[in-house]
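The next block holds one structure in the form of structure tokens; read it before the comments.
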Amino acid sequence: MAQMKRYSYDLPLAGLVLLFALSLPLWAGDYMLGVGFTLAMWLAMVQSWSLLSATTGYISLGHAVFCGIGAYAMVLALPVMGIAISLIFGGAMAGLAALLIGLPVMRVRGPYFVILTFGLAELAKAIVMQAETSMGQFSRLIFNAPSLAVLYWVMLALAVIAVAAAWLLSRSRLGAGLVAVRENEEAAEAVGVPVARLKTIALVLSAVIPGMIGGLLTLRSSYFDAAQAFDPVLSFTTVTMAIVGGLRSPRGPFLGAIAFVLLSEVLWLRLPQLYMIALGALLIAFILFAPRGLAGMVSRLFASGDKSGKVAGHGTA
Amino acid sequence: MAAQLFFAALCSGALYALVALGLNLVYGTLRLLNIAHGDLAMIGAYVAFVAFSTFGLAPPVSMVLAAGLCAAMGWALYAGIFRRLFATPETAQRLEANSLILFYGVSVILQNVMALGFTSTARGYSYMGEVWRIGPVMASGNRLLMLGTALAICLGVLLVLRFHAFGWSLRAVIERREAAGIVGVNVDRVQGITIALGFAIAGVAGVLVSMTEQITPFMGFPLTIAAFVVIVLGGLGNIFAGIVAGFVLGFVETFGIALTSATYRSILIYGLFVTVLLLRPQGLFGKAIQVR
Amino acid sequence: MISPSLAAVSEPRPLLSVEKLEAGYGRVQILRGISLSIAAGTVTALVGPNGAGKTTLMKAIAGMIPARSGQIRFDGRDILAMPSYQRVESGIALVPEGRLIFARLSVEQNLRLGAVVPHARSKADQTLAEIYERFPRLAERRNQVAGSMSGGEQQMLALGRGLMSQPRLILLDEPTLGLAPIMVARVFEVIAELRQAGFTILLSEQNSHLALGACDYAYLIENGSIHLQGTGADLAGNDEVQRLYMGR
Amino acid sequence: MRRFTKAALLCACMTSIAQSVFADEAGPVRIGYSMSLTGIFAQAAPSQVNAYTLWAEEVNAAGGLDVAGEKRPVEFISYDDQSNPANAVRIYERLITEDKVDLLAAPWSTPIHLALAPVLSRYQFPMVGNTAASVQLREVAPGYIWFPTAVIPDKLGVELAKLMKSEEITSAAIMANVSPLSQEIKTYLIPALEAEGITVTMSENYPPDIRDMTTLISQANAGSPDALIALSYPADTFLFTGQAKELGVKAPFVLALVGPTIDAYQKAMGTAADNVVTVGHWSPKQEAWPKAKIFFDAYSARYGEAPDALDSALAYMSLEILEQAVAVAGLDREALRAEIATATFDTINGPVKFEGVENTVTPTSFLQIQDGSLELIWPQAIRTSEFRPKTAW
């Protein structure tokens, strides 16, 4: 019941927000649009990450690898396929990579999984750097990138898709299976949940959109260089936002992304190191004192018994 | 040539072993993945730099200072935050599960505090740069000092673990924290001392690398990564195997480059890292001992 | 021979007394107000079905899990708030269920670790020699890693480790679990020897028949509270106990 | 009613004009830039920010920036781009549209310069770049960005080969970081060396996170080349120098790419740094550039360390160019663009003039650390000292 009520309230609101977001390029300046692009990017990124990590409890610290793969695939395909198809190709390649590594990687658990994903991202970076060097490439410039408005709309679409995917997943049998994996993998397996397959599907789902995000970021900076595209800070920031937003709440990714983008807009002014220090302190504070994240705080504010929040506090990866 | 390579591998290996040792001690006793470990080494490097260029103190003195400073940080972190969280199983579990992200926050703070205080300009100082010839091997003084110190600390820790009651207590906590208390080990004290010790070792490692590397607020991350590769090779929390793995990594890196090409260095190391995690998460050596 | 460090010569007050103890794991409460007392120099048995709370009680007395409320007094002192290592220092040794030996340490290191508390450390060499005398198998295997030994040997090691701390009270939690019958008999021999030597023992045992035969006094625990108590013989003769726990 | 509205509007208009005129007279000239204060490039930021700050202090001390005859103080508005080109793009958009800065100064690194070029064109906002170095700069459509650097990999390859030839080098071993600049230089250097008849005895790449170079240097030594060329970045430049010393490199010509111009390099390497050749086109020793020594002294006094001969010098130069252009053209962007595109500027690095996006006056040059100072050793026309073979470490 609580679920129904919440969504009936949330849906019109979401529609309004979406309408507002869609119209942004029509009236906002480039700076606002840039902020919007960044916000949509983080929302899409964190939400995609959540598809895997929040639902299954397998914390990925290497999601930059999918951005990197997507960006690289897009850059390679660009001369042949044109921008739109290259972008999709990048997403597909990221998904394919996830499919290929899925089975072996998703067997590894706990802290081992976390550092494995990080190691994989660094390995992929080293391989792509080596590949670029052996092809005699040093960095790639991209000409004729689409305008910011177009990039923004595409990024917004990715964010919407990611949110919709998370919503659909949360009410599907697949989602229920993944939650079972998170709560108790052995038990899930024992009652016949096809654990290995579900986990691989979750990994692939959470990889495709980051692949396209990587492509879009490359178009935005009109420049590709492996060290940039596979920047591990991307992975870390994603996890940070997810944790600060609230891991187990559907509102978490929104709140996390918004909080960070706002904070950075405010503190960026002349205080970059202080901004980073604040970021670090915030992260620590949330892990230690507010494990349910901003979403938990929000639902406590409206303490009318939000059921979704309750699950969040219990147990983590 | 072979002897020179051997020396190079030994030097890299000793440094890897030392950096990883501190990380492994902290992971072993507290189950915390300290991704800020390299940043403690960075703090050590700045201690050495300031001591040398402002006060004219040589790195061997700085080692003591850096060890003391980092140990104090470790102890403060433990007494101020971790001890309380370890008191109840729920918070302890949450802390352990999120430790890597938590220490990422610590890492960001340390780097940027140093960048604020010292700017991010590279720093450097010259100490014992003269080259010695030892048989077929050419070695600069600072690398010999690094090798000697790293070996001495690793050996010292191993001896304590083998022969001293504190070492046994420590191993007991690493192996079964819950059972250590009932034989009379003061787990709280062991954990506090160990985190201080692990941090101190990182600080000393930082002093050692500061003699040959450029010093910047961001120099720590590569060290952290190297340390993680090493403790994964050895098996998380397995102190002895971790030290062996440090040398294995040094030799794999040096001779791997010699046999193939330097260009494959990172692919080789990360490839090894990923392979071990996929195939033998308990580490290259030890038996398949269940690590929670 | 091994003997308690402070000879507890028939004092009027009990060595250990537990009052209205409540404890559990997380949100699950296991112990629901348990009270018992143990006289010095006796063997006290805890019997009862699986999951009744015997092990939880042992852990709570040893400080492995915190108590929610109630009282635990040892030798007249309130030890409820003490961390477990201090309880070892004051003379309580838990030989836990499942042994919990340190599998990667050698046999001798395991034993010496038992003497890590200050008052035991000074006598460690002497105690060690005595334990080797009592358990020759441990002496033979002193340099072997403990994880490589058989279950019965590990049980002896766990017991030896407990003795190394110079305890006055030994908490023996399910010492015969998973052991071959010949080893079970040996365990009860050792218990008798220890009682002879003057140790106070709290024994939790699923094999009620053996336990009630070997003890001076016994408690039957069900659902986290004391259901029956009396001398070993009393309980062994009780109809209900016989029917439910002794398979007669 | 209508009249009243009109009057009010007029009034408002006039006050706003008056305000803006007044503000123009009193207010400072605001110069915006983005810098990689955190992230992977952060280490390089201070050498550039210091030069900017020094320039602003000097300008303000001299009564302000000459804006077509009117003196106004300058102030910076800067943000951190976290070493991320996409962030930098966003920041410059913000500087232009939200902060409405009067002028722009350059960020750090090639990728960020390249990413900015389209933004500058879109807003028709001129900016003098500085620390970018790539042949790809030439692919940028000329218009609103200029690159004063003389470190362009193709020219660099050719000039380095000429320098080596003139020092009678006949063979060279090359080791290159896989990072873009190193690889680009290598691509142009090898054919240039071959064209000059210099044998390449070894050419190896290594990843940026290399931690031991014993193998590489030993391999290089094995061919007994006359020259050892390390196309390195700061971290590996330190490593390379230490280990080359240890392994007793005999080659008389030793070059390290990025790093030797950093103050800390000499402090860390001591005598081993002596006679190492590096890339750079500025030296305080060049007397034909009177401003060079002044800048060096001012910078050293202000920051307690020598300016980076590459980044600090370029950063300072870029603002000198801007300053001189503003003095003539004022703050009108089109006038400013025309002035920068056509005039010749007098900088700490001598005269600078742009053709297209490139500085065509400053020659591609090489520096050598000699007795603790950076000397220009090539080309002949501007050199401040003779090349010295590296005989000792």
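Each chain in the structure tokens gets a letter, A, B, ..., in the order shown, and its residues are numbered from 1; ligands are numbered from 1 in order too.
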For Leu161 in chain B, work out the shell of residues within 12 Å, counting only C-alpha atoms and skipping chain neighbours fewer than 3 positions away, then give it as number ranges by chain. B: 25, 154-158, 164-174, 194, 238-240; C: 105, 109, 113
Residues from last step as file, N, CA and C atoms, as a PDB file, in the first residue's frame:
```pdb
ATOM      1  N   LEU B  25      48.825  -5.699   7.690  1.00  0.00           N
ATOM      2  CA  LEU B  25      48.635  -5.738   9.145  1.00  0.00           C
ATOM      3  C   LEU B  25      47.279  -5.140   9.508  1.00  0.00           C
ATOM      4  N   CYS B 154      60.851  -5.665   7.710  1.00  0.00           N
ATOM      5  CA  CYS B 154      60.107  -6.894   7.405  1.00  0.00           C
ATOM      6  C   CYS B 154      60.571  -8.015   8.325  1.00  0.00           C
ATOM      7  N   LEU B 155      61.885  -8.144   8.428  1.00  0.00           N
ATOM      8  CA  LEU B 155      62.438  -9.210   9.264  1.00  0.00           C
ATOM      9  C   LEU B 155      62.026  -9.011  10.720  1.00  0.00           C
ATOM     10  N   GLY B 156      62.115  -7.757  11.169  1.00  0.00           N
ATOM     11  CA  GLY B 156      61.746  -7.471  12.548  1.00  0.00           C
ATOM     12  C   GLY B 156      60.303  -7.867  12.835  1.00  0.00           C
ATOM     13  N   VAL B 157      59.416  -7.499  11.932  1.00  0.00           N
ATOM     14  CA  VAL B 157      58.004  -7.843  12.128  1.00  0.00           C
ATOM     15  C   VAL B 157      57.827  -9.356  12.143  1.00  0.00           C
ATOM     16  N   LEU B 158      58.533 -10.035  11.237  1.00  0.00           N
ATOM     17  CA  LEU B 158      58.415 -11.494  11.197  1.00  0.00           C
ATOM     18  C   LEU B 158      58.910 -12.120  12.498  1.00  0.00           C
ATOM     19  N   HIS B 164      57.556 -13.357  19.715  1.00  0.00           N
ATOM     20  CA  HIS B 164      57.123 -12.520  20.824  1.00  0.00           C
ATOM     21  C   HIS B 164      55.639 -12.745  21.111  1.00  0.00           C
ATOM     22  N   ALA B 165      55.304 -12.661  22.381  1.00  0.00           N
ATOM     23  CA  ALA B 165      53.908 -12.892  22.768  1.00  0.00           C
ATOM     24  C   ALA B 165      52.974 -11.929  22.039  1.00  0.00           C
ATOM     25  N   PHE B 166      53.442 -10.663  21.845  1.00  0.00           N
ATOM     26  CA  PHE B 166      52.579  -9.732  21.125  1.00  0.00           C
ATOM     27  C   PHE B 166      52.324 -10.228  19.706  1.00  0.00           C
ATOM     28  N   GLY B 167      53.380 -10.780  19.097  1.00  0.00           N
ATOM     29  CA  GLY B 167      53.238 -11.305  17.744  1.00  0.00           C
ATOM     30  C   GLY B 167      52.212 -12.428  17.681  1.00  0.00           C
ATOM     31  N   TRP B 168      52.262 -13.295  18.687  1.00  0.00           N
ATOM     32  CA  TRP B 168      51.269 -14.380  18.684  1.00  0.00           C
ATOM     33  C   TRP B 168      49.878 -13.824  18.868  1.00  0.00           C
ATOM     34  N   SER B 169      49.767 -12.856  19.781  1.00  0.00           N
ATOM     35  CA  SER B 169      48.456 -12.242  19.993  1.00  0.00           C
ATOM     36  C   SER B 169      47.938 -11.670  18.686  1.00  0.00           C
ATOM     37  N   LEU B 170      48.860 -11.008  17.977  1.00  0.00           N
ATOM     38  CA  LEU B 170      48.481 -10.386  16.724  1.00  0.00           C
ATOM     39  C   LEU B 170      48.009 -11.438  15.726  1.00  0.00           C
ATOM     40  N   ARG B 171      48.776 -12.519  15.656  1.00  0.00           N
ATOM     41  CA  ARG B 171      48.374 -13.573  14.718  1.00  0.00           C
ATOM     42  C   ARG B 171      47.055 -14.184  15.148  1.00  0.00           C
ATOM     43  N   ALA B 172      46.872 -14.285  16.453  1.00  0.00           N
ATOM     44  CA  ALA B 172      45.605 -14.829  16.953  1.00  0.00           C
ATOM     45  C   ALA B 172      44.440 -13.937  16.535  1.00  0.00           C
ATOM     46  N   VAL B 173      44.636 -12.614  16.644  1.00  0.00           N
ATOM     47  CA  VAL B 173      43.572 -11.700  16.255  1.00  0.00           C
ATOM     48  C   VAL B 173      43.317 -11.805  14.758  1.00  0.00           C
ATOM     49  N   ILE B 174      44.408 -11.905  13.982  1.00  0.00           N
ATOM     50  CA  ILE B 174      44.233 -12.018  12.537  1.00  0.00           C
ATOM     51  C   ILE B 174      43.428 -13.275  12.207  1.00  0.00           C
ATOM     52  N   THR B 194      48.293  -2.326  16.332  1.00  0.00           N
ATOM     53  CA  THR B 194      48.573  -2.774  14.971  1.00  0.00           C
ATOM     54  C   THR B 194      48.272  -1.695  13.942  1.00  0.00           C
ATOM     55  N   ASN B 238      47.402 -12.411   5.196  1.00  0.00           N
ATOM     56  CA  ASN B 238      48.459 -13.386   5.451  1.00  0.00           C
ATOM     57  C   ASN B 238      49.807 -12.659   5.433  1.00  0.00           C
ATOM     58  N   ILE B 239      50.309 -12.344   6.623  1.00  0.00           N
ATOM     59  CA  ILE B 239      51.454 -11.437   6.733  1.00  0.00           C
ATOM     60  C   ILE B 239      52.696 -11.999   6.061  1.00  0.00           C
ATOM     61  N   PHE B 240      53.040 -13.219   6.410  1.00  0.00           N
ATOM     62  CA  PHE B 240      54.268 -13.795   5.875  1.00  0.00           C
ATOM     63  C   PHE B 240      54.185 -13.907   4.361  1.00  0.00           C
TER      64      PHE B 240
ATOM     65  N   LEU C 105      48.749 -21.348  13.603  1.00  0.00           N
ATOM     66  CA  LEU C 105      49.861 -21.314  14.561  1.00  0.00           C
ATOM     67  C   LEU C 105      50.239 -22.739  14.936  1.00  0.00           C
ATOM     68  N   GLN C 109      52.730 -22.662  19.970  1.00  0.00           N
ATOM     69  CA  GLN C 109      52.326 -21.241  19.957  1.00  0.00           C
ATOM     70  C   GLN C 109      50.906 -21.084  20.465  1.00  0.00           C
ATOM     71  N   LEU C 113      50.099 -18.939  23.720  1.00  0.00           N
ATOM     72  CA  LEU C 113      49.144 -17.860  23.610  1.00  0.00           C
ATOM     73  C   LEU C 113      48.143 -17.922  24.753  1.00  0.00           C
TER      74      LEU C 113
END
```
Among chain C, which residues does DSSP mark as strand (DSSP E or B) when it is run on the backbone? Keep the chain and numbering as in the structure and answer as an MDAnalysis selection string. chainID C and resid 16:25 28:38 43:47 67:74 77:78 92:95 106 145 169:173 200:204 217:222 225:231
Fewer than 3 positions away in the same chain doesn't count, so skip those; otherwise give me all residues within 9 Å of Met45 in chain A, counting only C-alpha atoms, as a PyMOL selection string. chain A and resi 40-42+48-50+63+158-159+162+206+209-210+213+238+253
Please, could you write that set of residues out with all heavy atoms as a compact mmCIF listing (two decimals), in the first residue's frame?
```txt
# COMPACT_ATOMS: atom_id res chain seq x y z
N ALA A 40 22.72 15.18 -15.22
CA ALA A 40 22.13 14.03 -15.89
C ALA A 40 23.14 12.90 -16.00
O ALA A 40 22.82 11.72 -15.83
CB ALA A 40 21.65 14.44 -17.28
N MET A 41 24.40 13.27 -16.27
CA MET A 41 25.45 12.27 -16.40
C MET A 41 25.62 11.49 -15.10
O MET A 41 25.66 10.26 -15.09
CB MET A 41 26.75 12.95 -16.79
CG MET A 41 27.92 12.03 -16.86
SD MET A 41 29.29 12.76 -15.97
CE MET A 41 30.01 11.33 -15.26
N TRP A 42 25.69 12.21 -14.00
CA TRP A 42 25.90 11.51 -12.73
C TRP A 42 24.69 10.69 -12.34
O TRP A 42 24.81 9.59 -11.80
CB TRP A 42 26.26 12.50 -11.61
CG TRP A 42 27.68 12.95 -11.69
CD1 TRP A 42 28.13 14.23 -11.83
CD2 TRP A 42 28.86 12.13 -11.67
NE1 TRP A 42 29.49 14.25 -11.91
CE2 TRP A 42 29.97 12.98 -11.81
CE3 TRP A 42 29.08 10.75 -11.56
CZ2 TRP A 42 31.28 12.51 -11.82
CZ3 TRP A 42 30.39 10.27 -11.59
CH2 TRP A 42 31.47 11.15 -11.71
N SER A 48 22.88 3.52 -13.01
CA SER A 48 23.36 2.30 -13.67
C SER A 48 24.18 1.45 -12.70
O SER A 48 24.05 0.23 -12.65
CB SER A 48 24.24 2.64 -14.87
OG SER A 48 23.59 3.52 -15.72
N TRP A 49 25.01 2.12 -11.97
CA TRP A 49 25.84 1.43 -10.98
C TRP A 49 24.94 0.71 -9.98
O TRP A 49 25.18 -0.43 -9.62
CB TRP A 49 26.74 2.44 -10.29
CG TRP A 49 27.61 1.90 -9.22
CD1 TRP A 49 28.87 1.39 -9.37
CD2 TRP A 49 27.30 1.81 -7.82
NE1 TRP A 49 29.35 0.99 -8.16
CE2 TRP A 49 28.41 1.23 -7.20
CE3 TRP A 49 26.20 2.16 -7.04
CZ2 TRP A 49 28.47 1.00 -5.81
CZ3 TRP A 49 26.24 1.93 -5.68
CH2 TRP A 49 27.37 1.35 -5.09
N SER A 50 23.87 1.40 -9.58
CA SER A 50 22.97 0.81 -8.59
C SER A 50 22.31 -0.46 -9.12
O SER A 50 22.01 -1.36 -8.34
CB SER A 50 21.87 1.80 -8.22
OG SER A 50 22.44 2.95 -7.65
N HIS A 63 33.56 0.96 -12.35
CA HIS A 63 32.61 1.26 -13.41
C HIS A 63 33.19 2.16 -14.49
O HIS A 63 32.65 2.24 -15.59
CB HIS A 63 31.30 1.80 -12.84
CG HIS A 63 30.20 0.79 -12.94
ND1 HIS A 63 30.32 -0.48 -12.42
CD2 HIS A 63 28.97 0.83 -13.53
CE1 HIS A 63 29.22 -1.15 -12.69
NE2 HIS A 63 28.39 -0.40 -13.35
N LEU A 158 19.52 9.07 -21.41
CA LEU A 158 20.20 7.96 -20.73
C LEU A 158 19.80 7.92 -19.26
O LEU A 158 19.55 6.85 -18.70
CB LEU A 158 21.72 8.12 -20.83
CG LEU A 158 22.35 7.90 -22.21
CD1 LEU A 158 23.87 7.99 -22.12
CD2 LEU A 158 21.94 6.56 -22.78
N ALA A 159 19.74 9.11 -18.65
CA ALA A 159 19.36 9.16 -17.24
C ALA A 159 17.96 8.61 -17.05
O ALA A 159 17.69 7.82 -16.14
CB ALA A 159 19.47 10.59 -16.71
N ALA A 162 17.96 4.92 -17.44
CA ALA A 162 18.54 4.26 -16.27
C ALA A 162 17.54 4.23 -15.11
O ALA A 162 17.37 3.20 -14.45
CB ALA A 162 19.82 4.98 -15.84
N SER A 206 24.04 -2.95 -16.07
CA SER A 206 24.64 -1.77 -15.46
C SER A 206 25.83 -1.27 -16.25
O SER A 206 26.42 -0.26 -15.91
CB SER A 206 25.04 -2.06 -14.02
OG SER A 206 26.31 -2.64 -13.98
N ILE A 209 24.73 1.56 -20.19
CA ILE A 209 24.57 3.02 -20.14
C ILE A 209 25.90 3.73 -19.84
O ILE A 209 26.24 4.70 -20.52
CB ILE A 209 23.44 3.40 -19.16
CG1 ILE A 209 22.12 3.02 -19.82
CG2 ILE A 209 23.47 4.87 -18.81
CD1 ILE A 209 20.90 3.21 -18.97
N PRO A 210 26.69 3.24 -18.88
CA PRO A 210 28.02 3.86 -18.71
C PRO A 210 28.84 3.85 -19.99
O PRO A 210 29.58 4.79 -20.25
CB PRO A 210 28.66 3.00 -17.62
CG PRO A 210 27.51 2.54 -16.80
CD PRO A 210 26.39 2.30 -17.78
N ILE A 213 27.66 6.76 -21.77
CA ILE A 213 28.09 7.97 -21.05
C ILE A 213 29.54 8.29 -21.43
O ILE A 213 29.89 9.44 -21.69
CB ILE A 213 27.98 7.77 -19.53
CG1 ILE A 213 26.51 7.65 -19.12
CG2 ILE A 213 28.64 8.93 -18.78
CD1 ILE A 213 26.30 7.31 -17.66
N THR A 238 31.34 7.84 -8.42
CA THR A 238 30.04 7.16 -8.56
C THR A 238 29.64 6.49 -7.25
O THR A 238 28.52 6.67 -6.76
CB THR A 238 30.12 6.11 -9.68
OG1 THR A 238 30.58 6.74 -10.85
CG2 THR A 238 28.77 5.49 -9.92
N PRO A 253 20.05 7.74 -5.87
CA PRO A 253 20.87 8.31 -6.94
C PRO A 253 20.54 9.77 -7.24
O PRO A 253 21.45 10.57 -7.44
CB PRO A 253 20.54 7.41 -8.13
CG PRO A 253 20.15 6.11 -7.52
CD PRO A 253 19.44 6.45 -6.26
```
Within 8 Å of Ala121 in chain A, counting only C-alpha atoms, which residues qualify if same-chain residues fewer than 5 places away don't, as an mmCIF file with N, CA and C atoms, in the first residue's frame?
```cif
data_model
loop_
_atom_site.group_PDB
_atom_site.id
_atom_site.type_symbol
_atom_site.label_atom_id
_atom_site.label_comp_id
_atom_site.auth_asym_id
_atom_site.auth_seq_id
_atom_site.Cartn_x
_atom_site.Cartn_y
_atom_site.Cartn_z
ATOM 1 N N GLY A 62 34.881 -0.236 -10.269
ATOM 2 C CA GLY A 62 35.564 -0.160 -11.558
ATOM 3 C C GLY A 62 34.630 0.226 -12.672
ATOM 4 N N HIS A 63 33.560 0.956 -12.346
ATOM 5 C CA HIS A 63 32.614 1.256 -13.415
ATOM 6 C C HIS A 63 33.189 2.161 -14.485
ATOM 7 N N ALA A 64 34.292 2.850 -14.172
ATOM 8 C CA ALA A 64 34.945 3.662 -15.195
ATOM 9 C C ALA A 64 35.363 2.796 -16.375
ATOM 10 N N VAL A 65 35.562 1.509 -16.131
ATOM 11 C CA VAL A 65 36.009 0.642 -17.215
ATOM 12 C C VAL A 65 34.965 0.629 -18.326
ATOM 13 N N PHE A 230 39.527 6.285 -18.791
ATOM 14 C CA PHE A 230 39.441 5.240 -17.766
ATOM 15 C C PHE A 230 39.766 5.788 -16.377
ATOM 16 N N PRO A 232 40.068 6.464 -12.828
ATOM 17 C CA PRO A 232 39.428 5.771 -11.704
ATOM 18 C C PRO A 232 38.601 6.700 -10.808
#
```
Residue contacts of Val244 in chain A (10 Å, only C-alpha atoms) excluding same-chain residues fewer than 5 positions away, as a PyMOL selection string: chain A and resi 239+252-253+255-257+259-260+282-287+290-296
Those same residues - C-alpha atoms - I'd like them written as a short mmCIF file (atom, residue, chain, number, x, y, z; two decimals), in the first residue's frame.
```cif
data_model
loop_
_atom_site.label_atom_id
_atom_site.label_comp_id
_atom_site.auth_asym_id
_atom_site.auth_seq_id
_atom_site.Cartn_x
_atom_site.Cartn_y
_atom_site.Cartn_z
CA VAL A 239 30.26 5.02 -5.44
CA GLY A 252 19.26 7.69 -3.55
CA PRO A 253 20.87 8.31 -6.94
CA LEU A 255 19.76 12.90 -4.07
CA GLY A 256 23.40 11.85 -4.32
CA ALA A 257 23.93 13.36 -7.75
CA ALA A 259 23.91 17.03 -3.62
CA PHE A 260 27.29 16.60 -5.24
CA LEU A 282 31.10 14.00 3.87
CA LEU A 283 31.76 10.52 2.56
CA ILE A 284 33.24 9.42 5.87
CA ALA A 285 30.43 11.00 7.84
CA PHE A 286 27.76 9.29 5.77
CA ILE A 287 29.37 5.88 6.00
CA ALA A 290 24.12 7.90 8.12
CA PRO A 291 24.37 4.57 6.38
CA ARG A 292 20.99 5.10 4.75
CA GLY A 293 22.29 8.23 3.09
CA LEU A 294 20.37 11.35 2.20
CA ALA A 295 17.38 9.25 1.21
CA GLY A 296 17.28 7.90 4.74
#
```
Any chance you could tabulate, as a Markdown table, the residues of chain B at most 7 Å from chain C with each one's nearest atom pair and distance in Å to one decimal, using only C-alpha atoms, in chain and rising number order?
```
| residue | atom | partner | partner_atom | distance |
| --- | --- | --- | --- | --- |
| B:Ala165 | CA | C:Val116 | CA | 6.6 |
| B:Trp168 | CA | C:Leu113 | CA | 6.4 |
| B:Ser169 | CA | C:Leu113 | CA | 6.7 |
| B:Ala172 | CA | C:Phe102 | CA | 6.3 |
| B:Glu175 | CA | C:Phe102 | CA | 6.5 |
| B:Arg176 | CA | C:Phe102 | CA | 6.9 |
| B:Glu178 | CA | C:Met64 | CA | 6.9 |
| B:Ala179 | CA | C:Leu100 | CA | 6.1 |
| B:Gly181 | CA | C:Tyr85 | CA | 5.2 |
| B:Ile182 | CA | C:Ser84 | CA | 5.7 |
| B:Val183 | CA | C:Gly114 | CA | 5.2 |
| B:Gly184 | CA | C:Tyr85 | CA | 3.9 |
| B:Val185 | CA | C:Tyr85 | CA | 5.5 |
| B:Asn186 | CA | C:Tyr85 | CA | 5.4 |
```
Can you list, as a ChimeraX atom specification, every protein, DNA or RNA residue that comes within 12 Å of Ser147 in chain A when you count only C-alpha atoms, leaving out same-chain residues fewer than 2 positions away? /A:25,30,33-34,37,143-145,149-154,216,219-222 /D:118-119,122
Would you give me, as a tab-separated table, each residue of chain B having an atom within 7 Å of an atom of chain A, along with its shortest atom pair and that distance in Å to one decimal, using only C-alpha atoms and sorting by chain and residue number?
```
residue	atom	partner	partner_atom	distance
B:Arg94	CA	A:Thr316	CA	6.3
B:Ala97	CA	A:Ala317	CA	5.8
B:Leu102	CA	A:Ile284	CA	5.3
B:Gly105	CA	A:Gly280	CA	3.9
B:Val106	CA	A:Gly280	CA	6.2
B:Val108	CA	A:Gly280	CA	5.6
B:Ile109	CA	A:Ile277	CA	4.6
B:Asn112	CA	A:Gln273	CA	5.2
B:Leu116	CA	A:Gln273	CA	6.5
B:Ser266	CA	A:Ala126	CA	6.0
B:Ile267	CA	A:Ala126	CA	5.6
B:Tyr270	CA	A:Leu123	CA	5.2
B:Gly271	CA	A:Leu123	CA	6.4
B:Phe273	CA	A:Gly119	CA	6.9
B:Val274	CA	A:Gly119	CA	6.2
B:Leu277	CA	A:Leu116	CA	6.4
B:Leu278	CA	A:Pro104	CA	6.6
```
Counting only C-alpha atoms, chain D residues within 6 Å of chain A, as a list in words: Tyr79, Asp80, Pro85, Ala86, Arg90, Glu93, Arg94, Ala115, Pro180 and Gln183 of chain D
Those in range 119-195 of chain A with helix (DSSP H, G or I) from DSSP, as a PyMOL selection string: chain A and resi 119-134+148-170+173-183+185-190+195
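Across the model, the gap from CA of Leu100 in chain B to CA of Leu99 in chain A is 26.0 Å.
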What's around Val241 in chain C at 10 Å? Count only C-alpha atoms, leave out sequence neighbours fewer than 2 positions away in its own chain, and write the answer as a ChimeraX atom specification. /C:47-48,208-209,220,228,234-239,243-248
